[in-house]
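I have placed the structure first, in the form of structure tokens, so that the comments after it can refer back to it.
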Amino acid sequence: MSFKRRENFRPTEKQLVLVGSKNPVKISCTEDAFTRAFNSSFLVEGINASSGVPEQPIGDRETLLGAKNRAYNSREVFPEANYWVGIEGGVDEDEKGMFAFAWIFILSDSGKTSQAKTGTFYLPTQVAELVKEGMELGKADDLVFNQENSKHQGGSVGILTHGVINREEYYRQAIILALIPFLNKTLF
């Protein structure tokens, strides 16, 4: 089986991508991911779109629903775009403790959808306890690590990896993975 080079997948004109968030990290990583994946530039804008889930989603189902809702609600607000992207961070627990992750959901103007999940990482006990008490992860990080608005910067992953992986890099890979069906239209 032969594969076409990605240059063949360049959009013919600059396309609009709407991110269901005004968070500058989510907008920036989406722009970078689309540019890298398609080897072309895009106009990427963020809009406030409701996730329809609690401020801190728990578990895969709730977190993925938040990402889907952000994408579909973005389309409702601005149906003229070419792609709508929902990014939702969540937490869950297992026998080792509480861990964080995010779901990416992408909807295209053709109606095609795709999704991908980031890697996971465990949270410190002090942060996990605050989240269990009902605090959103970003606010818990700010409190524990004496930060201000960390979720608009490196986020938990940036704090805990000492900047080796920042939030933008963390999301970027999952966005590119979610773009696979759009890059390989004949296969999906």
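FYI, nothing fancy with the structure tokens labels: chains A, B, ... in order, residues from 1 per chain, ligands from 1 as they appear.
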Would you write out, as CSV, a table of all residues in segment 25-144 of chain A that have an atom no more than 6 Å from an atom of segment 150-171 of chain A, listing for each the closest atom pair and the distance in Å to one decimal, considering only C-alpha atoms and ordering rows by chain and rising residue number?
```
residue,atom,partner,partner_atom,distance
A:Val25,CA,A:Glu168,CA,5.6
A:Cys29,CA,A:Glu168,CA,5.1
A:Gly138,CA,A:Lys151,CA,5.2
```
Exercise: Thr113 of chain A partners within 9 Å, only C-alpha atoms, chain neighbours under 4 positions left out, as a PDB file with N, CA, C and O atoms, in the first residue's frame:
```pdb
ATOM      1  N   PHE A 105     -11.782  17.003  20.461  1.00  0.00           N
ATOM      2  CA  PHE A 105     -12.841  16.600  19.541  1.00  0.00           C
ATOM      3  C   PHE A 105     -12.864  17.607  18.399  1.00  0.00           C
ATOM      4  O   PHE A 105     -12.891  18.819  18.625  1.00  0.00           O
ATOM      5  N   ILE A 106     -12.824  17.104  17.164  1.00  0.00           N
ATOM      6  CA  ILE A 106     -12.808  17.968  15.986  1.00  0.00           C
ATOM      7  C   ILE A 106     -13.988  17.629  15.089  1.00  0.00           C
ATOM      8  O   ILE A 106     -14.253  16.459  14.807  1.00  0.00           O
ATOM      9  N   LEU A 107     -14.661  18.667  14.633  1.00  0.00           N
ATOM     10  CA  LEU A 107     -15.813  18.574  13.749  1.00  0.00           C
ATOM     11  C   LEU A 107     -15.480  19.398  12.505  1.00  0.00           C
ATOM     12  O   LEU A 107     -14.967  20.515  12.620  1.00  0.00           O
ATOM     13  N   SER A 108     -15.745  18.852  11.320  1.00  0.00           N
ATOM     14  CA  SER A 108     -15.470  19.608  10.086  1.00  0.00           C
ATOM     15  C   SER A 108     -16.781  20.051   9.442  1.00  0.00           C
ATOM     16  O   SER A 108     -17.854  19.537   9.770  1.00  0.00           O
ATOM     17  N   ALA A 178      -5.973  13.627  16.401  1.00  0.00           N
ATOM     18  CA  ALA A 178      -7.393  13.738  16.061  1.00  0.00           C
ATOM     19  C   ALA A 178      -7.592  14.144  14.599  1.00  0.00           C
ATOM     20  O   ALA A 178      -8.660  13.908  14.028  1.00  0.00           O
ATOM     21  N   PRO A 181      -8.015  11.318  10.533  1.00  0.00           N
ATOM     22  CA  PRO A 181      -9.038  11.031   9.511  1.00  0.00           C
ATOM     23  C   PRO A 181      -9.178  12.136   8.464  1.00  0.00           C
ATOM     24  O   PRO A 181      -9.569  11.878   7.326  1.00  0.00           O
ATOM     25  N   PHE A 182      -8.856  13.375   8.821  1.00  0.00           N
ATOM     26  CA  PHE A 182      -8.948  14.486   7.879  1.00  0.00           C
ATOM     27  C   PHE A 182      -7.735  14.507   6.947  1.00  0.00           C
ATOM     28  O   PHE A 182      -7.812  15.021   5.833  1.00  0.00           O
TER      29      PHE A 182
END
```
- Between atom CA of Ala100 of chain A and atom CA of Leu143 of chain A, measure the distance and give it in Å to one decimal.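 Separating atom CA of Ala100 of chain A from atom CA of Leu143 of chain A is a distance of 17.1 Å.
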Problem set entry | strand (DSSP E or B) call set, DSSP backbone run, chain A, as an MDAnalysis selection string | chainID A and resid 15:19 42:46 58 83:94 97:108 113:117 121:122
request  = Using atom CA of Ala81 of chain A and atom CA of Val44 of chain A as the two end points, give the distance in Å to one decimal.
outcome  =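 Those two atoms sit 9.7 Å apart.
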- Task: Identify, on the basis of only C-alpha atoms, every residue whose closest approach to segment 92-99 of chain A does not exceed 12 Å; exclude the query and any residue fewer than 2 positions from it along the same chain; express the result as a ChimeraX atom specification.
- Result: /A:56-63,89-90,101-102,118-132,137,156-157
Please produce an output containing N, CA, C and O atoms for each residue in the selection, written as a compact mmCIF listing (two decimals), in the first residue's frame.
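What follows is the written file out.txt:
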```txt
# COMPACT_ATOMS: atom_id res chain seq x y z
N GLN A 56 -14.84 21.11 36.49
CA GLN A 56 -13.79 20.10 36.48
C GLN A 56 -14.41 18.75 36.15
O GLN A 56 -14.92 18.06 37.02
N PRO A 57 -14.38 18.37 34.87
CA PRO A 57 -14.94 17.07 34.49
C PRO A 57 -14.15 15.92 35.12
O PRO A 57 -12.94 16.00 35.30
N ILE A 58 -14.88 14.86 35.43
CA ILE A 58 -14.27 13.68 36.03
C ILE A 58 -14.59 12.47 35.14
O ILE A 58 -15.75 12.22 34.81
N GLY A 59 -13.56 11.75 34.74
CA GLY A 59 -13.73 10.55 33.93
C GLY A 59 -13.74 10.85 32.44
O GLY A 59 -13.97 11.98 32.00
N ASP A 60 -13.48 9.81 31.66
CA ASP A 60 -13.43 9.93 30.21
C ASP A 60 -14.76 10.41 29.62
O ASP A 60 -14.77 11.29 28.76
N ARG A 61 -15.84 9.81 30.04
CA ARG A 61 -17.14 10.11 29.44
C ARG A 61 -17.50 11.59 29.59
O ARG A 61 -17.85 12.25 28.61
N GLU A 62 -17.39 12.11 30.80
CA GLU A 62 -17.74 13.51 31.05
C GLU A 62 -16.78 14.47 30.34
O GLU A 62 -17.19 15.49 29.78
N THR A 63 -15.50 14.13 30.34
CA THR A 63 -14.50 14.99 29.71
C THR A 63 -14.66 15.01 28.19
O THR A 63 -14.63 16.08 27.57
N GLY A 89 -10.06 19.35 29.49
CA GLY A 89 -9.20 18.64 30.44
C GLY A 89 -10.03 18.00 31.53
O GLY A 89 -11.02 18.56 31.99
N GLY A 90 -9.63 16.81 31.92
CA GLY A 90 -10.35 16.08 32.96
C GLY A 90 -9.41 15.37 33.91
O GLY A 90 -8.19 15.39 33.72
N PHE A 101 -5.73 14.38 32.22
CA PHE A 101 -5.70 14.10 30.78
C PHE A 101 -6.60 15.12 30.10
O PHE A 101 -7.26 15.91 30.77
N ALA A 102 -6.66 15.08 28.79
CA ALA A 102 -7.60 15.92 28.05
C ALA A 102 -8.10 15.16 26.83
O ALA A 102 -7.41 14.29 26.29
N THR A 118 -5.07 12.91 25.13
CA THR A 118 -3.68 13.15 25.49
C THR A 118 -3.16 11.99 26.33
O THR A 118 -3.92 11.11 26.75
N GLY A 119 -1.89 12.05 26.65
CA GLY A 119 -1.33 11.14 27.64
C GLY A 119 -1.87 11.51 29.01
O GLY A 119 -2.52 12.54 29.19
N THR A 120 -1.62 10.66 29.98
CA THR A 120 -2.06 10.92 31.35
C THR A 120 -0.86 11.11 32.26
O THR A 120 0.24 10.63 31.96
N PHE A 121 -1.07 11.80 33.37
CA PHE A 121 -0.03 11.95 34.38
C PHE A 121 -0.71 12.12 35.73
O PHE A 121 -1.81 12.63 35.83
N TYR A 122 -0.02 11.64 36.76
CA TYR A 122 -0.58 11.67 38.11
C TYR A 122 -0.35 13.02 38.77
O TYR A 122 0.65 13.71 38.51
N LEU A 123 -1.30 13.38 39.61
CA LEU A 123 -1.26 14.65 40.33
C LEU A 123 -0.78 14.44 41.76
O LEU A 123 -1.07 13.41 42.37
N PRO A 124 -0.09 15.43 42.31
CA PRO A 124 0.32 15.34 43.71
C PRO A 124 -0.90 15.23 44.63
O PRO A 124 -1.98 15.78 44.32
N THR A 125 -0.74 14.57 45.74
CA THR A 125 -1.83 14.33 46.68
C THR A 125 -2.50 15.63 47.11
O THR A 125 -3.73 15.71 47.16
N GLN A 126 -1.73 16.67 47.37
CA GLN A 126 -2.29 17.94 47.82
C GLN A 126 -3.22 18.54 46.76
O GLN A 126 -4.28 19.06 47.08
N VAL A 127 -2.83 18.47 45.50
CA VAL A 127 -3.66 18.96 44.40
C VAL A 127 -4.91 18.09 44.27
O VAL A 127 -6.03 18.58 44.16
N ALA A 128 -4.72 16.78 44.31
CA ALA A 128 -5.84 15.84 44.17
C ALA A 128 -6.88 16.06 45.26
O ALA A 128 -8.09 16.00 44.99
N GLU A 129 -6.44 16.32 46.47
CA GLU A 129 -7.38 16.54 47.58
C GLU A 129 -8.24 17.78 47.32
O GLU A 129 -9.44 17.77 47.57
N LEU A 130 -7.65 18.85 46.82
CA LEU A 130 -8.41 20.06 46.51
C LEU A 130 -9.41 19.80 45.39
O LEU A 130 -10.55 20.29 45.44
N VAL A 131 -9.02 19.03 44.39
CA VAL A 131 -9.93 18.70 43.30
C VAL A 131 -11.08 17.84 43.83
O VAL A 131 -12.24 18.07 43.48
N LYS A 132 -10.78 16.90 44.71
CA LYS A 132 -11.84 16.07 45.31
C LYS A 132 -12.83 16.91 46.10
O LYS A 132 -14.01 16.57 46.20
N LEU A 137 -8.94 21.99 38.61
CA LEU A 137 -7.52 21.64 38.65
C LEU A 137 -6.61 22.86 38.53
O LEU A 137 -5.64 23.00 39.27
N SER A 156 -0.81 22.22 34.65
CA SER A 156 -0.29 21.19 35.57
C SER A 156 0.91 20.48 34.99
O SER A 156 1.91 20.25 35.66
N VAL A 157 0.80 20.10 33.72
CA VAL A 157 1.87 19.34 33.09
C VAL A 157 3.15 20.16 33.04
O VAL A 157 4.24 19.63 33.25
```
If you count only C-alpha atoms, the residue of A:Leu177, A:Lys14, A:Leu187, A:Asp142 closest to Trp103 of chain A turns out to be A:Leu177
